[in-house]
Amino acid sequence: MEEMRGTRMSAAKSRKGAAVLLAFFAALSARAEMLRILDFENRNERFEARACDGCSAAFSTNFATSGSSSLRLHSRHWQSRADKCTKATFPVDADFSRFDRIAFDVRLDHVKGCGGTITFSGGSFNEIVSFRLPRPGTRRFVIDLPPWTRTNRVESVTFTSSRPVCEIDVYVDNVVLLDAGETGYGALDGYIESLEGECSALESERDHLRDYARFYKDAAKASGVAGGVLVGKATSMDRVRPRAAFKVDCSMPLGIALAGNEAEAVQLLLSPADADLLDVRVELEGDLVSDGATFKKECVKVVPMGYVHSRMRESRFEQPERPLSGWWPEPLLDFPFRLDIRGTDVQSFWVRARAPYGQKAGTYRGTLVISSSGAETRKVPLEVRVRAFSLPKGFHMPAIVAMSPWGMRKVPEDRRQKCAQTLGRGRLKEYVEFFEEYELPYTKLYARAPEWGIVDFAHSRGKLETLVLGWIEAERNMAKPFDLEAWRAECMPQLERSCNEAKKRGILGKCVFFLCDEMPVAAQGRMRAVAKEVKAKFPDVPILTTAFNPELGAEGSVLDLMDGFCPTTKYYFDNLAAVSNARSRGQKVWWYICKDPEPPYANAYVSSPALALRAIAGAMTAKWRPDGFLYYALCLWNDNMPIEGGPFTNWNPLSWEDYEGDGCWAYCGPGGKPLASVRLENYRDGVEDYAYACLLESLGGKAVVPPSLVATPKDYSLNPADYYRWRESMADEIERRLAAQDGGAR
């Protein structure tokens, strides 16, 4: 059987190698009839440029790859959102309908990296495509065109040099449209570069086949290959990629440990042993039992893992050992569909247990049944250990999140009624309940007023926590004058209406105002003027801001009227003394993440370690004690359609700018059904870790987070076993202290 498996793997590698060679020679022989739309040779050509002081966009004779002229974008170091990106917009007069890609040369003339975007505009459409320059030199980019450009007229193309980390020059030239089969390259160097992605894919496949062979050997030794399936496991903090390098533990049983009123998960990993596995199902066989007690079947959920495809060829986060391109485990596909496992793919099933409050302590044992069409049934033991205590009811950590589905990119009209955004908004109450299960109470962050119907829905069920009563802005562009009187006339009536609505419901004590999101330092004087107006009119409603100033509201400073601050995790840690001083003045200090801070800081991208969010919400929160967690979006879906099949989905993970998964922790399933993600599950697990720490301290203990687990927000353990050891040590101490009290462990 192993000989058969080796033959299958060798054949797969041979086919892949042959395909790359064929692609190479086909590229050499191609006679592309491309359409050049911009060459920057006509110095009289008109274009619209926008740049900040010290930046420029102009024609240049340097680094021209076609003709004698190129476009030069000069940018200074991007420091804040007040800085404008350098961009140049050119009108185009070309029919894009028969083309599927755009190609262009880019020269980076500096040692540090830089990002960029292209914007295609036509009629009511505006589509952004991102690219990344990881190193200096000239590179030929070939990028898929947005679908709508093939059915609509494109009126302009804009090139943008975005967020450079230092003063930088970027040169662009030779912009062409490509039809199917055209390579877009004009020299052998270009052809070789075009194959780099194929080489990377071969390396990834090599690593996958190596780990698959190890999986086959270990699984056969541990439990055999009955049913033609390899069986293994991984923790909920592991990302197991289906076609890249992976780690697997073949020892059994599957094990989950948790307290009452807690959810925890483990991953069951399956792969074909000899032939493809068709119509695969995994189900729990009845209740779990322990010394006469039962753990109900409905408290265990088995959900197939779904995968989204990253198209980023190089890691922008300087982690070359973790390439971003390829399939990543993300959505949990909690709906019926036919699941086939083919070739050497490794398929994960998310096995989640939720212990009811007051569940009797013990180790409950049961069986998972694996079945597939035409194959022998396979059984796997499952053990759920329930601790002798329950976590308190209710939310364990204050949080402000924006959960309403939305997008940055416009959706074509013929898709709008069926897109994820539309379907998700139609089931908003369902999403509110869904996110409550993940420790995320309802509020709206970027809205002038709450949706009072949804507020009433949450409040009637006792689930209303911190409610943003209104998002308040002031003009942040210092080049524009700020009219405080006009602001007062426009904004104050709405704030007053919202306050009256909150008073009528008796919830004003749960409300805050969110003031001036990430306001740059230069404009914070205007922010103070607005805060003064709001405080005078509504003294009972605290003001929270993400605007950052190292003083954090010290007396006499520009932000001294704030009641709460919310810096990023990085700035929170870098200014711990200011955090302590703010708290001594009675001010709250929350923290947040968004696209920043970038790795090695813990964050929540599709390619981030799965445990990164667990570390932020759990060990890091227990160590540095922010007063709450803020996140700007949970359902940033852009123009995606709902996921209706799998496991390999058609969901585009590119969410905010050129970040994959930023602002998107949940997905849209059939008909708008909410689907969880690996990251969302790990966030809840982290909050529950923090609940362990709070419960231990309420019993007189001390929840110590060792430096080996978390030292800084960017220096934290990537080993799941370390987090389990920390949590179990707290659980042991909680049980000892409860057992010593009258009335026992409950």
# chains A, B, ... in the order shown; residues from 1 in each chain; ligands from 1

call {"tool": "residues_around", "arguments": {"residues": "Phe482 in chain A", "least_positions_apart": "6", "cutoff": "8 Å", "atoms": "only C-alpha atoms", "output": "VMD selection string"}}
result
chain A and resid 474 to 475 526

call {"tool": "residues_around", "arguments": {"residues": "range 496-512 of chain A", "least_positions_apart": "4", "cutoff": "9 Å", "atoms": "only C-alpha atoms", "output": "MDAnalysis selection string"}}
result
chainID A and resid 448:450 452 456 459 464:470 491:492 537:538 540:544

call {"tool": "closest_residue", "arguments": {"among": "A:Pro242, A:Gly686, A:Pro713, A:Pro381", "to": "Trp726 in chain A", "atoms": "only C-alpha atoms"}}
result
A:Gly686

call {"tool": "residues_around", "arguments": {"residues": "range 600-605 of chain A", "least_positions_apart": "4", "cutoff": "9 Å", "atoms": "only C-alpha atoms", "output": "ChimeraX atom specification"}}
result
/A:317-319,569-570,593-596,609-613,615-616,659-665,679,712-716

call {"tool": "write_last_selection", "arguments": {"atoms": "N, CA, C and O atoms", "output": "short mmCIF file (atom, residue, chain, number, x, y, z; two decimals), in the first residue's frame"}}
result
data_model
loop_
_atom_site.label_atom_id
_atom_site.label_comp_id
_atom_site.auth_asym_id
_atom_site.auth_seq_id
_atom_site.Cartn_x
_atom_site.Cartn_y
_atom_site.Cartn_z
N PHE A 317 5.05 40.73 5.16
CA PHE A 317 5.34 40.86 6.58
C PHE A 317 6.69 40.24 6.96
O PHE A 317 6.90 39.88 8.10
N GLU A 318 7.56 40.06 5.97
CA GLU A 318 8.91 39.58 6.22
C GLU A 318 8.91 38.27 6.99
O GLU A 318 9.64 38.08 7.95
N GLN A 319 8.06 37.34 6.53
CA GLN A 319 8.01 36.00 7.09
C GLN A 319 8.17 35.00 5.94
O GLN A 319 7.23 34.30 5.56
N THR A 569 -2.60 48.10 20.13
CA THR A 569 -1.86 47.28 21.10
C THR A 569 -0.39 47.71 21.18
O THR A 569 0.20 47.70 22.27
N LYS A 570 0.17 48.10 20.05
CA LYS A 570 1.57 48.53 20.05
C LYS A 570 1.76 49.80 20.87
O LYS A 570 2.64 49.86 21.75
N ILE A 593 -6.85 46.70 17.45
CA ILE A 593 -6.03 46.37 16.29
C ILE A 593 -6.86 46.70 15.05
O ILE A 593 -8.08 46.79 15.10
N CYS A 594 -6.20 46.89 13.93
CA CYS A 594 -6.86 47.03 12.63
C CYS A 594 -5.88 46.43 11.63
O CYS A 594 -5.42 45.31 11.83
N LYS A 595 -5.53 47.13 10.57
CA LYS A 595 -4.43 46.65 9.72
C LYS A 595 -3.11 46.81 10.45
O LYS A 595 -2.12 46.16 10.09
N ASP A 596 -3.10 47.66 11.44
CA ASP A 596 -1.93 47.87 12.29
C ASP A 596 -2.20 47.29 13.68
O ASP A 596 -3.36 47.24 14.11
N PRO A 609 -0.94 33.69 12.52
CA PRO A 609 -1.11 32.47 13.31
C PRO A 609 -2.51 32.45 13.92
O PRO A 609 -3.00 33.48 14.40
N ALA A 610 -3.15 31.31 13.89
CA ALA A 610 -4.52 31.22 14.40
C ALA A 610 -4.60 31.65 15.86
O ALA A 610 -5.59 32.24 16.29
N LEU A 611 -3.55 31.38 16.61
CA LEU A 611 -3.57 31.69 18.05
C LEU A 611 -3.29 33.16 18.35
O LEU A 611 -3.35 33.58 19.51
N ALA A 612 -2.99 33.97 17.33
CA ALA A 612 -2.66 35.37 17.58
C ALA A 612 -3.82 36.09 18.27
O ALA A 612 -3.62 36.85 19.23
N LEU A 613 -5.04 35.89 17.78
CA LEU A 613 -6.19 36.54 18.41
C LEU A 613 -6.45 35.97 19.80
O LEU A 613 -6.88 36.69 20.70
N ALA A 615 -4.17 35.00 21.81
CA ALA A 615 -3.17 35.64 22.66
C ALA A 615 -3.57 37.07 23.02
O ALA A 615 -3.43 37.50 24.16
N ILE A 616 -4.09 37.83 22.03
CA ILE A 616 -4.49 39.22 22.30
C ILE A 616 -5.63 39.26 23.31
O ILE A 616 -5.58 39.99 24.31
N TYR A 659 -4.82 44.06 2.42
CA TYR A 659 -4.76 43.17 3.58
C TYR A 659 -5.86 42.12 3.46
O TYR A 659 -7.02 42.45 3.22
N GLU A 660 -5.52 40.88 3.68
CA GLU A 660 -6.48 39.79 3.58
C GLU A 660 -7.00 39.42 4.96
O GLU A 660 -6.23 39.01 5.83
N GLY A 661 -8.29 39.58 5.15
CA GLY A 661 -8.92 39.23 6.42
C GLY A 661 -9.05 40.37 7.40
O GLY A 661 -9.77 40.24 8.39
N ASP A 662 -8.37 41.49 7.17
CA ASP A 662 -8.50 42.62 8.07
C ASP A 662 -9.92 43.16 7.99
O ASP A 662 -10.41 43.53 6.92
N GLY A 663 -10.62 43.20 9.13
CA GLY A 663 -12.00 43.65 9.15
C GLY A 663 -13.01 42.59 8.76
O GLY A 663 -14.20 42.89 8.64
N CYS A 664 -12.57 41.36 8.59
CA CYS A 664 -13.48 40.28 8.19
C CYS A 664 -13.18 39.04 9.01
O CYS A 664 -12.26 38.28 8.70
N TRP A 665 -13.94 38.85 10.10
CA TRP A 665 -13.78 37.68 10.96
C TRP A 665 -14.89 36.66 10.77
O TRP A 665 -14.86 35.59 11.38
N ARG A 679 -10.39 32.42 13.14
CA ARG A 679 -9.96 33.56 13.97
C ARG A 679 -11.04 33.95 14.97
O ARG A 679 -10.74 34.29 16.12
N THR A 712 5.93 40.77 24.95
CA THR A 712 5.46 42.03 24.38
C THR A 712 4.37 41.67 23.37
O THR A 712 4.19 40.50 23.03
N PRO A 713 3.66 42.66 22.84
CA PRO A 713 2.64 42.33 21.83
C PRO A 713 3.20 41.73 20.55
O PRO A 713 2.44 41.24 19.72
N LYS A 714 4.52 41.79 20.35
CA LYS A 714 5.10 41.15 19.17
C LYS A 714 6.00 39.97 19.54
O LYS A 714 6.51 39.29 18.65
N ASP A 715 6.19 39.73 20.81
CA ASP A 715 7.02 38.62 21.27
C ASP A 715 6.15 37.72 22.13
O ASP A 715 6.04 37.90 23.34
N TYR A 716 5.52 36.78 21.47
CA TYR A 716 4.58 35.89 22.16
C TYR A 716 4.76 34.47 21.62
O TYR A 716 5.20 34.27 20.48
#

call {"tool": "select_by_dssp", "arguments": {"residues": "range 332-568 of chain A", "states": "alpha helix (DSSP H)", "output": "PyMOL selection string"}}
result
chain A and resi 420-425+428-436+452-460+484-505+524-537

call {"tool": "write_last_selection", "arguments": {"atoms": "C-alpha atoms", "output": "CSV table (one decimal), in the first residue's frame"}}
result
chain,number,residue,atom,x,y,z
A,420,ALA,CA,-23.2,38.8,0.7
A,421,GLN,CA,-23.7,42.4,2.0
A,422,THR,CA,-27.3,42.5,1.0
A,423,LEU,CA,-28.2,39.1,2.3
A,424,GLY,CA,-26.3,39.6,5.6
A,425,ARG,CA,-28.0,42.9,6.3
A,428,LEU,CA,-29.0,41.5,11.1
A,429,LYS,CA,-30.8,40.2,14.2
A,430,GLU,CA,-29.4,36.7,13.5
A,431,TYR,CA,-25.9,38.2,13.2
A,432,VAL,CA,-26.4,40.0,16.5
A,433,GLU,CA,-27.2,36.7,18.2
A,434,PHE,CA,-24.4,34.9,16.3
A,435,PHE,CA,-21.7,37.4,17.5
A,436,GLU,CA,-23.0,37.4,21.1
A,452,TRP,CA,-32.8,51.5,17.8
A,453,GLY,CA,-34.8,48.4,16.7
A,454,ILE,CA,-31.6,46.3,17.0
A,455,VAL,CA,-30.7,48.1,20.3
A,456,ASP,CA,-34.2,47.1,21.7
A,457,PHE,CA,-33.7,43.5,20.5
A,458,ALA,CA,-30.4,43.2,22.3
A,459,HIS,CA,-31.6,45.0,25.4
A,460,SER,CA,-34.8,42.9,25.8
A,484,LEU,CA,-17.4,75.1,14.7
A,485,GLU,CA,-20.8,76.9,14.4
A,486,ALA,CA,-21.7,74.9,11.3
A,487,TRP,CA,-20.6,71.7,13.0
A,488,ARG,CA,-22.8,72.5,16.0
A,489,ALA,CA,-25.8,73.1,13.8
A,490,GLU,CA,-25.3,69.9,11.9
A,491,CYS,CA,-24.4,67.4,14.6
A,492,MET,CA,-25.7,68.5,18.0
A,493,PRO,CA,-29.4,67.9,17.2
A,494,GLN,CA,-28.8,64.3,16.2
A,495,LEU,CA,-26.7,63.7,19.4
A,496,GLU,CA,-29.5,65.2,21.5
A,497,ARG,CA,-32.1,62.9,19.8
A,498,SER,CA,-29.9,59.9,20.5
A,499,CYS,CA,-29.4,60.8,24.1
A,500,ASN,CA,-33.2,61.2,24.6
A,501,GLU,CA,-33.8,57.8,23.0
A,502,ALA,CA,-31.2,56.2,25.4
A,503,LYS,CA,-32.8,58.0,28.4
A,504,LYS,CA,-36.2,56.7,27.4
A,505,ARG,CA,-34.9,53.2,27.5
A,524,GLN,CA,-6.4,67.4,17.6
A,525,GLY,CA,-7.0,71.1,18.6
A,526,ARG,CA,-10.2,71.0,16.5
A,527,MET,CA,-11.1,67.7,18.2
A,528,ARG,CA,-10.8,69.4,21.6
A,529,ALA,CA,-13.1,72.2,20.5
A,530,VAL,CA,-15.7,69.6,19.5
A,531,ALA,CA,-15.2,67.6,22.7
A,532,LYS,CA,-15.8,70.8,24.8
A,533,GLU,CA,-19.1,71.3,23.1
A,534,VAL,CA,-20.2,67.7,23.6
A,535,LYS,CA,-19.1,67.6,27.3
A,536,ALA,CA,-21.0,70.8,28.1
A,537,LYS,CA,-24.2,69.5,26.5

call {"tool": "closest_residue", "arguments": {"among": "A:Trp327, A:Phe47, A:Tyr690, A:Trp148", "to": "Arg415 in chain A", "atoms": "only C-alpha atoms"}}
result
A:Trp148

call {"tool": "closest_residue", "arguments": {"among": "A:Ala355, A:Met562, A:Val521, A:Asn640", "to": "Pro550 in chain A", "atoms": "only C-alpha atoms"}}
result
A:Val521

call {"tool": "residues_around", "arguments": {"residues": "Gly358 in chain A", "least_positions_apart": "4", "cutoff": "8 Å", "atoms": "only C-alpha atoms", "output": "PDB file with N, CA, C and O atoms, in the first residue's frame"}}
result
ATOM      1  N   GLY A 260     -17.538  24.634  32.698  1.00  0.00           N
ATOM      2  CA  GLY A 260     -18.927  24.905  32.376  1.00  0.00           C
ATOM      3  C   GLY A 260     -19.066  26.298  31.793  1.00  0.00           C
ATOM      4  O   GLY A 260     -18.279  27.201  32.093  1.00  0.00           O
ATOM      5  N   ASN A 261     -20.051  26.491  30.918  1.00  0.00           N
ATOM      6  CA  ASN A 261     -20.280  27.773  30.253  1.00  0.00           C
ATOM      7  C   ASN A 261     -19.057  28.210  29.448  1.00  0.00           C
ATOM      8  O   ASN A 261     -18.680  29.373  29.437  1.00  0.00           O
ATOM      9  N   PHE A 389     -15.951  23.653  37.738  1.00  0.00           N
ATOM     10  CA  PHE A 389     -16.436  25.021  37.936  1.00  0.00           C
ATOM     11  C   PHE A 389     -17.001  25.507  36.605  1.00  0.00           C
ATOM     12  O   PHE A 389     -16.745  24.915  35.544  1.00  0.00           O
ATOM     13  N   SER A 390     -17.765  26.570  36.669  1.00  0.00           N
ATOM     14  CA  SER A 390     -18.303  27.204  35.461  1.00  0.00           C
ATOM     15  C   SER A 390     -17.847  28.650  35.401  1.00  0.00           C
ATOM     16  O   SER A 390     -17.680  29.306  36.441  1.00  0.00           O
ATOM     17  N   ARG A 746     -18.731  24.085  43.322  1.00  0.00           N
ATOM     18  CA  ARG A 746     -19.713  24.875  42.601  1.00  0.00           C
ATOM     19  C   ARG A 746     -20.092  26.113  43.374  1.00  0.00           C
ATOM     20  O   ARG A 746     -20.908  26.869  42.958  1.00  0.00           O
TER      21      ARG A 746
END

call {"tool": "select_by_dssp", "arguments": {"residues": "range 165-353 of chain A", "states": "strand (DSSP E)", "output": "number ranges by chain"}}
result
A: 168-178, 229-235, 254-260, 262-272, 281-284, 288-290, 293-295, 300-310, 326-332, 347-353

call {"tool": "residues_around", "arguments": {"residues": "Leu73 in chain A", "least_positions_apart": "6", "cutoff": "10 Å", "atoms": "only C-alpha atoms", "output": "VMD selection string"}}
result
chain A and resid 49 51 55 to 60 85 to 88 159 to 161 168 to 172

call {"tool": "residues_around", "arguments": {"residues": "Ser698 in chain A", "least_positions_apart": "4", "cutoff": "12 Å", "atoms": "only C-alpha atoms", "output": "PyMOL selection string"}}
result
chain A and resi 391-392+691-694+702-703+733-734+737-738

call {"tool": "write_last_selection", "arguments": {"atoms": "N, CA, C and O atoms", "output": "JSON list (two decimals), in the first residue's frame"}}
result
[["chain", "number", "residue", "atom", "x", "y", "z"],
["A", 391, "LEU", "N", -17.63, 29.15, 34.19],
["A", 391, "LEU", "CA", -17.33, 30.56, 34.02],
["A", 391, "LEU", "C", -18.60, 31.38, 34.26],
["A", 391, "LEU", "O", -19.71, 30.91, 34.00],
["A", 392, "PRO", "N", -18.46, 32.59, 34.76],
["A", 392, "PRO", "CA", -19.64, 33.42, 35.03],
["A", 392, "PRO", "C", -20.45, 33.65, 33.75],
["A", 392, "PRO", "O", -19.92, 33.65, 32.64],
["A", 691, "ALA", "N", -11.25, 35.11, 31.19],
["A", 691, "ALA", "CA", -12.25, 34.86, 32.23],
["A", 691, "ALA", "C", -11.70, 33.94, 33.31],
["A", 691, "ALA", "O", -12.03, 34.09, 34.49],
["A", 692, "TYR", "N", -10.87, 32.97, 32.92],
["A", 692, "TYR", "CA", -10.19, 32.13, 33.92],
["A", 692, "TYR", "C", -9.37, 33.01, 34.86],
["A", 692, "TYR", "O", -9.40, 32.83, 36.09],
["A", 693, "ALA", "N", -8.60, 33.94, 34.27],
["A", 693, "ALA", "CA", -7.75, 34.81, 35.09],
["A", 693, "ALA", "C", -8.58, 35.65, 36.05],
["A", 693, "ALA", "O", -8.23, 35.79, 37.23],
["A", 694, "CYS", "N", -9.69, 36.20, 35.57],
["A", 694, "CYS", "CA", -10.54, 37.03, 36.44],
["A", 694, "CYS", "C", -11.19, 36.20, 37.54],
["A", 694, "CYS", "O", -11.30, 36.65, 38.69],
["A", 702, "LYS", "N", -3.76, 34.70, 41.98],
["A", 702, "LYS", "CA", -3.06, 35.64, 41.13],
["A", 702, "LYS", "C", -2.81, 34.99, 39.78],
["A", 702, "LYS", "O", -2.21, 33.92, 39.71],
["A", 703, "ALA", "N", -3.29, 35.63, 38.74],
["A", 703, "ALA", "CA", -3.12, 35.10, 37.38],
["A", 703, "ALA", "C", -1.85, 35.67, 36.77],
["A", 703, "ALA", "O", -1.85, 36.79, 36.25],
["A", 733, "GLU", "N", -5.82, 25.75, 40.00],
["A", 733, "GLU", "CA", -5.85, 26.61, 41.18],
["A", 733, "GLU", "C", -7.28, 27.04, 41.53],
["A", 733, "GLU", "O", -7.65, 27.12, 42.71],
["A", 734, "ILE", "N", -8.09, 27.30, 40.49],
["A", 734, "ILE", "CA", -9.50, 27.64, 40.74],
["A", 734, "ILE", "C", -10.20, 26.50, 41.46],
["A", 734, "ILE", "O", -10.93, 26.70, 42.44],
["A", 737, "ARG", "N", -9.14, 26.27, 45.14],
["A", 737, "ARG", "CA", -9.71, 27.32, 45.99],
["A", 737, "ARG", "C", -11.21, 27.13, 46.19],
["A", 737, "ARG", "O", -11.73, 27.38, 47.28],
["A", 738, "LEU", "N", -11.92, 26.69, 45.16],
["A", 738, "LEU", "CA", -13.35, 26.43, 45.32],
["A", 738, "LEU", "C", -13.61, 25.25, 46.24],
["A", 738, "LEU", "O", -14.54, 25.27, 47.05]]

call {"tool": "atom_distance", "arguments": {"atom1": "CA of Leu177 in chain A", "atom2": "CA of Gly326 in chain A"}}
result
25.4 Å

call {"tool": "atom_distance", "arguments": {"atom1": "CA of Arg427 in chain A", "atom2": "CA of Asn682 in chain A"}}
result
24.1 Å

call {"tool": "residues_around", "arguments": {"residues": "Pro626 in chain A", "least_positions_apart": "5", "cutoff": "7 Å", "atoms": "only C-alpha atoms", "output": "list in words"}}
result
Val589, Trp590, Trp591 and Thr621 of chain A

call {"tool": "write_last_selection", "arguments": {"atoms": "N, CA and C atoms", "output": "PDB file, in the first residue's frame"}}
result
ATOM      1  N   VAL A 589      -8.652  53.243  29.486  1.00  0.00           N
ATOM      2  CA  VAL A 589      -7.757  53.032  28.346  1.00  0.00           C
ATOM      3  C   VAL A 589      -8.046  51.652  27.761  1.00  0.00           C
ATOM      4  N   TRP A 590      -8.684  51.642  26.611  1.00  0.00           N
ATOM      5  CA  TRP A 590      -8.933  50.423  25.853  1.00  0.00           C
ATOM      6  C   TRP A 590      -7.740  50.171  24.927  1.00  0.00           C
ATOM      7  N   TRP A 591      -7.864  49.153  24.068  1.00  0.00           N
ATOM      8  CA  TRP A 591      -6.902  49.009  22.974  1.00  0.00           C
ATOM      9  C   TRP A 591      -7.592  48.395  21.773  1.00  0.00           C
ATOM     10  N   THR A 621      -4.339  40.404  27.310  1.00  0.00           N
ATOM     11  CA  THR A 621      -5.306  41.179  28.089  1.00  0.00           C
ATOM     12  C   THR A 621      -5.109  40.940  29.585  1.00  0.00           C
TER      13      THR A 621
END
